[in-house]
Amino acid sequence: MAQITDHEAADIDRANASGKAPVVFVHGLWLLPSSWDRWRSMFEEAGYVALAPGWPDDPDTVEKAKEHPEVFAHKTVGQVADHFEDVIGKLGRKPAVVGHSFGGLLTQILAGRGCAAVSVAIDPAPFRGVLPLPISSLRSAAPVLGNPANRGRAVPLTYEQFRYGFANALGEDEAKSLYDEFAVPGSGEPIFQAAAANLNPWTEAKVDSKNPDRGPLLIISGELDHTVPWAVANASYKREKRNPGVTEIVEIKGRGQSLTIDNGWREVAGTALAFVERFVQP
């Protein structure tokens, strides 16, 4: 299990000392914890205390990530989920958990382990039992899946690949700006794990969707998302709907995979915040 970093330990101490309800943000592939900075500010203004732990070995900045891309390699879904569970286990109270893309899958895994008081999964990557395979999802994953050797590598996206998978709903200038500001290499392993989840009964890309301790769950889907289209998000919702807890899904019109970091992030963050506020008071 990856060690909790000094920065993460400081955030845990700050959260526990605050007496406020914590919210843990979980980023996905090709982004860093800093992609949640504006969300953290919004949730803290609403009275919560916000934490954004990294995946194991995440660099502090995009610049460092591009200088040392090798640190992202070999990170599996199970390793990252265990790290976040370790962080959550040191909080004085069960947090709300909010995640995007593979962070959305991790959010559902953590909720299925009983780690979340309430959770929001935004354009979540698929897990075992989610069957749709839209063409746009396969095309978005092709930069990784196209070469089996990528399983053990850190894989950067070219601008064109980022434009298709993340920023297809944006203008050219904003897409380029987001690519320069946020995009980092990502571990190839989780993509292969998700792709083979329905073929591997021992996969780490699985969710205990029936756990009665899962808590309320909202799935947010971007209407124009190429990477996780509605068909995938809705299939995840249908699996999660078997849970006795509150399970909801909402589609944000005109938005793609970049919906947590682009010019419309505030609408998505507000939707997530309103759901969290229904079940956990700050």
# chains A, B, ... in the order shown; residues from 1 in each chain; ligands from 1

call {"tool": "select_by_dssp", "arguments": {"residues": "stretch 46-103 of chain A", "states": "strand (DSSP E)", "output": "ChimeraX atom specification"}}
result
/A:49-51,96-100

call {"tool": "residues_around", "arguments": {"residues": "A:Ala231", "least_positions_apart": "4", "cutoff": "8 Å", "atoms": "only C-alpha atoms", "output": "list in words"}}
result
Pro132, Pro134 and Ala235 of chain A

call {"tool": "write_last_selection", "arguments": {"atoms": "N, CA and C atoms", "output": "mmCIF file, in the first residue's frame"}}
result
data_model
loop_
_atom_site.group_PDB
_atom_site.id
_atom_site.type_symbol
_atom_site.label_atom_id
_atom_site.label_comp_id
_atom_site.auth_asym_id
_atom_site.auth_seq_id
_atom_site.Cartn_x
_atom_site.Cartn_y
_atom_site.Cartn_z
ATOM 1 N N PRO A 132 -22.141 -1.960 -22.286
ATOM 2 C CA PRO A 132 -22.030 -1.201 -23.538
ATOM 3 C C PRO A 132 -20.583 -0.848 -23.889
ATOM 4 N N PRO A 134 -19.501 1.627 -26.668
ATOM 5 C CA PRO A 134 -19.699 2.555 -27.782
ATOM 6 C C PRO A 134 -18.410 2.785 -28.569
ATOM 7 N N ALA A 235 -25.702 2.518 -17.917
ATOM 8 C CA ALA A 235 -25.535 1.110 -17.548
ATOM 9 C C ALA A 235 -24.972 0.992 -16.138
#

call {"tool": "atom_distance", "arguments": {"atom1": "atom CA of A:Lys66", "atom2": "atom CA of A:Gly152"}}
result
17.5 Å

call {"tool": "residues_around", "arguments": {"residues": "A:Asn243", "least_positions_apart": "5", "cutoff": "8 Å", "atoms": "only C-alpha atoms", "output": "PyMOL selection string"}}
result
chain A and resi 209-212+214

call {"tool": "residues_around", "arguments": {"residues": "A:Leu178", "least_positions_apart": "4", "cutoff": "12 Å", "atoms": "only C-alpha atoms", "output": "PyMOL selection string"}}
result
chain A and resi 30-31+35+62+159+162-163+166-168+170-174+182-184+257-263

call {"tool": "write_last_selection", "arguments": {"atoms": "N, CA and C atoms", "output": "PDB file, in the first residue's frame"}}
result
ATOM      1  N   TRP A  30      -4.890  11.135 -16.591  1.00  0.00           N
ATOM      2  CA  TRP A  30      -4.463  12.292 -17.368  1.00  0.00           C
ATOM      3  C   TRP A  30      -4.727  13.625 -16.672  1.00  0.00           C
ATOM      4  N   LEU A  31      -5.037  13.589 -15.381  1.00  0.00           N
ATOM      5  CA  LEU A  31      -5.188  14.802 -14.581  1.00  0.00           C
ATOM      6  C   LEU A  31      -4.480  14.605 -13.251  1.00  0.00           C
ATOM      7  N   SER A  35      -6.505  19.591 -10.434  1.00  0.00           N
ATOM      8  CA  SER A  35      -7.666  19.811 -11.295  1.00  0.00           C
ATOM      9  C   SER A  35      -8.935  20.072 -10.483  1.00  0.00           C
ATOM     10  N   VAL A  62       1.953  19.884 -12.924  1.00  0.00           N
ATOM     11  CA  VAL A  62       1.933  19.385 -14.299  1.00  0.00           C
ATOM     12  C   VAL A  62       3.340  19.402 -14.883  1.00  0.00           C
ATOM     13  N   TYR A 159      -2.280  16.236 -28.329  1.00  0.00           N
ATOM     14  CA  TYR A 159      -3.365  17.217 -28.288  1.00  0.00           C
ATOM     15  C   TYR A 159      -4.588  16.694 -29.040  1.00  0.00           C
ATOM     16  N   PHE A 162      -6.416  14.235 -26.876  1.00  0.00           N
ATOM     17  CA  PHE A 162      -7.090  14.970 -25.804  1.00  0.00           C
ATOM     18  C   PHE A 162      -8.319  15.690 -26.354  1.00  0.00           C
ATOM     19  N   ARG A 163      -8.184  16.269 -27.515  1.00  0.00           N
ATOM     20  CA  ARG A 163      -9.295  16.999 -28.148  1.00  0.00           C
ATOM     21  C   ARG A 163     -10.482  16.075 -28.363  1.00  0.00           C
ATOM     22  N   PHE A 166     -11.436  14.328 -24.444  1.00  0.00           N
ATOM     23  CA  PHE A 166     -11.792  15.249 -23.367  1.00  0.00           C
ATOM     24  C   PHE A 166     -12.557  16.472 -23.860  1.00  0.00           C
ATOM     25  N   ALA A 167     -12.030  17.109 -24.888  1.00  0.00           N
ATOM     26  CA  ALA A 167     -12.439  18.491 -25.192  1.00  0.00           C
ATOM     27  C   ALA A 167     -13.244  18.618 -26.476  1.00  0.00           C
ATOM     28  N   ASN A 168     -13.952  17.573 -26.863  1.00  0.00           N
ATOM     29  CA  ASN A 168     -14.707  17.609 -28.119  1.00  0.00           C
ATOM     30  C   ASN A 168     -15.859  18.606 -28.092  1.00  0.00           C
ATOM     31  N   LEU A 170     -15.739  21.609 -26.828  1.00  0.00           N
ATOM     32  CA  LEU A 170     -15.193  22.943 -26.600  1.00  0.00           C
ATOM     33  C   LEU A 170     -14.658  23.555 -27.885  1.00  0.00           C
ATOM     34  N   GLY A 171     -14.464  24.873 -27.860  1.00  0.00           N
ATOM     35  CA  GLY A 171     -13.782  25.533 -28.955  1.00  0.00           C
ATOM     36  C   GLY A 171     -12.295  25.224 -28.945  1.00  0.00           C
ATOM     37  N   GLU A 172     -11.653  25.493 -30.065  1.00  0.00           N
ATOM     38  CA  GLU A 172     -10.245  25.139 -30.228  1.00  0.00           C
ATOM     39  C   GLU A 172      -9.356  25.839 -29.209  1.00  0.00           C
ATOM     40  N   ASP A 173      -9.577  27.116 -28.969  1.00  0.00           N
ATOM     41  CA  ASP A 173      -8.714  27.866 -28.053  1.00  0.00           C
ATOM     42  C   ASP A 173      -8.797  27.309 -26.629  1.00  0.00           C
ATOM     43  N   GLU A 174     -10.017  27.038 -26.158  1.00  0.00           N
ATOM     44  CA  GLU A 174     -10.149  26.507 -24.802  1.00  0.00           C
ATOM     45  C   GLU A 174      -9.579  25.096 -24.709  1.00  0.00           C
ATOM     46  N   PHE A 182      -3.629  21.252 -17.862  1.00  0.00           N
ATOM     47  CA  PHE A 182      -4.022  20.122 -17.021  1.00  0.00           C
ATOM     48  C   PHE A 182      -3.488  18.754 -17.439  1.00  0.00           C
ATOM     49  N   ALA A 183      -3.255  18.521 -18.735  1.00  0.00           N
ATOM     50  CA  ALA A 183      -3.005  17.161 -19.207  1.00  0.00           C
ATOM     51  C   ALA A 183      -1.632  16.636 -18.786  1.00  0.00           C
ATOM     52  N   VAL A 184      -1.631  15.440 -18.203  1.00  0.00           N
ATOM     53  CA  VAL A 184      -0.399  14.750 -17.813  1.00  0.00           C
ATOM     54  C   VAL A 184      -0.480  13.305 -18.304  1.00  0.00           C
ATOM     55  N   GLN A 257     -16.161  15.177 -21.665  1.00  0.00           N
ATOM     56  CA  GLN A 257     -15.366  14.635 -20.568  1.00  0.00           C
ATOM     57  C   GLN A 257     -14.652  15.728 -19.771  1.00  0.00           C
ATOM     58  N   SER A 258     -14.462  16.886 -20.376  1.00  0.00           N
ATOM     59  CA  SER A 258     -13.767  17.991 -19.700  1.00  0.00           C
ATOM     60  C   SER A 258     -14.659  18.757 -18.740  1.00  0.00           C
ATOM     61  N   LEU A 259     -15.857  18.281 -18.476  1.00  0.00           N
ATOM     62  CA  LEU A 259     -16.859  19.064 -17.743  1.00  0.00           C
ATOM     63  C   LEU A 259     -16.461  19.466 -16.328  1.00  0.00           C
ATOM     64  N   THR A 260     -15.455  18.836 -15.752  1.00  0.00           N
ATOM     65  CA  THR A 260     -15.022  19.238 -14.406  1.00  0.00           C
ATOM     66  C   THR A 260     -13.973  20.343 -14.421  1.00  0.00           C
ATOM     67  N   ILE A 261     -13.374  20.611 -15.588  1.00  0.00           N
ATOM     68  CA  ILE A 261     -12.284  21.581 -15.649  1.00  0.00           C
ATOM     69  C   ILE A 261     -12.510  22.703 -16.659  1.00  0.00           C
ATOM     70  N   ASP A 262     -13.536  22.596 -17.493  1.00  0.00           N
ATOM     71  CA  ASP A 262     -13.711  23.604 -18.538  1.00  0.00           C
ATOM     72  C   ASP A 262     -14.538  24.792 -18.027  1.00  0.00           C
ATOM     73  N   ASN A 263     -14.935  25.655 -18.942  1.00  0.00           N
ATOM     74  CA  ASN A 263     -15.601  26.910 -18.554  1.00  0.00           C
ATOM     75  C   ASN A 263     -16.940  26.689 -17.859  1.00  0.00           C
TER      76      ASN A 263
END

call {"tool": "residues_around", "arguments": {"residues": "stretch 186-189 of chain A", "least_positions_apart": "6", "cutoff": "8 Å", "atoms": "only C-alpha atoms", "output": "ChimeraX atom specification"}}
result
/A:29-31,72-77,144,150-156

call {"tool": "atom_distance", "arguments": {"atom1": "atom CA of A:Gly54", "atom2": "atom CA of A:Ser221"}}
result
23.3 Å

call {"tool": "residues_around", "arguments": {"residues": "A:Asn198", "least_positions_apart": "5", "cutoff": "10 Å", "atoms": "only C-alpha atoms", "output": "PyMOL selection string"}}
result
chain A and resi 126-131+193+203+205-206

call {"tool": "closest_residue", "arguments": {"among": "A:Pro69, A:Arg242, A:Ile252, A:Leu32", "to": "A:Gly264", "atoms": "only C-alpha atoms"}}
result
A:Ile252

call {"tool": "residues_around", "arguments": {"residues": "A:Val118", "least_positions_apart": "4", "cutoff": "7 Å", "atoms": "only C-alpha atoms", "output": "PyMOL selection string"}}
result
chain A and resi 96-97+215-217+276+279

call {"tool": "atom_distance", "arguments": {"atom1": "atom CA of A:Arg93", "atom2": "atom CA of A:Arg113"}}
result
15.2 Å

call {"tool": "closest_residue", "arguments": {"among": "A:Ser41, A:Leu218, A:Ser136, A:Thr271", "to": "A:Lys238", "atoms": "only C-alpha atoms"}}
result
A:Leu218
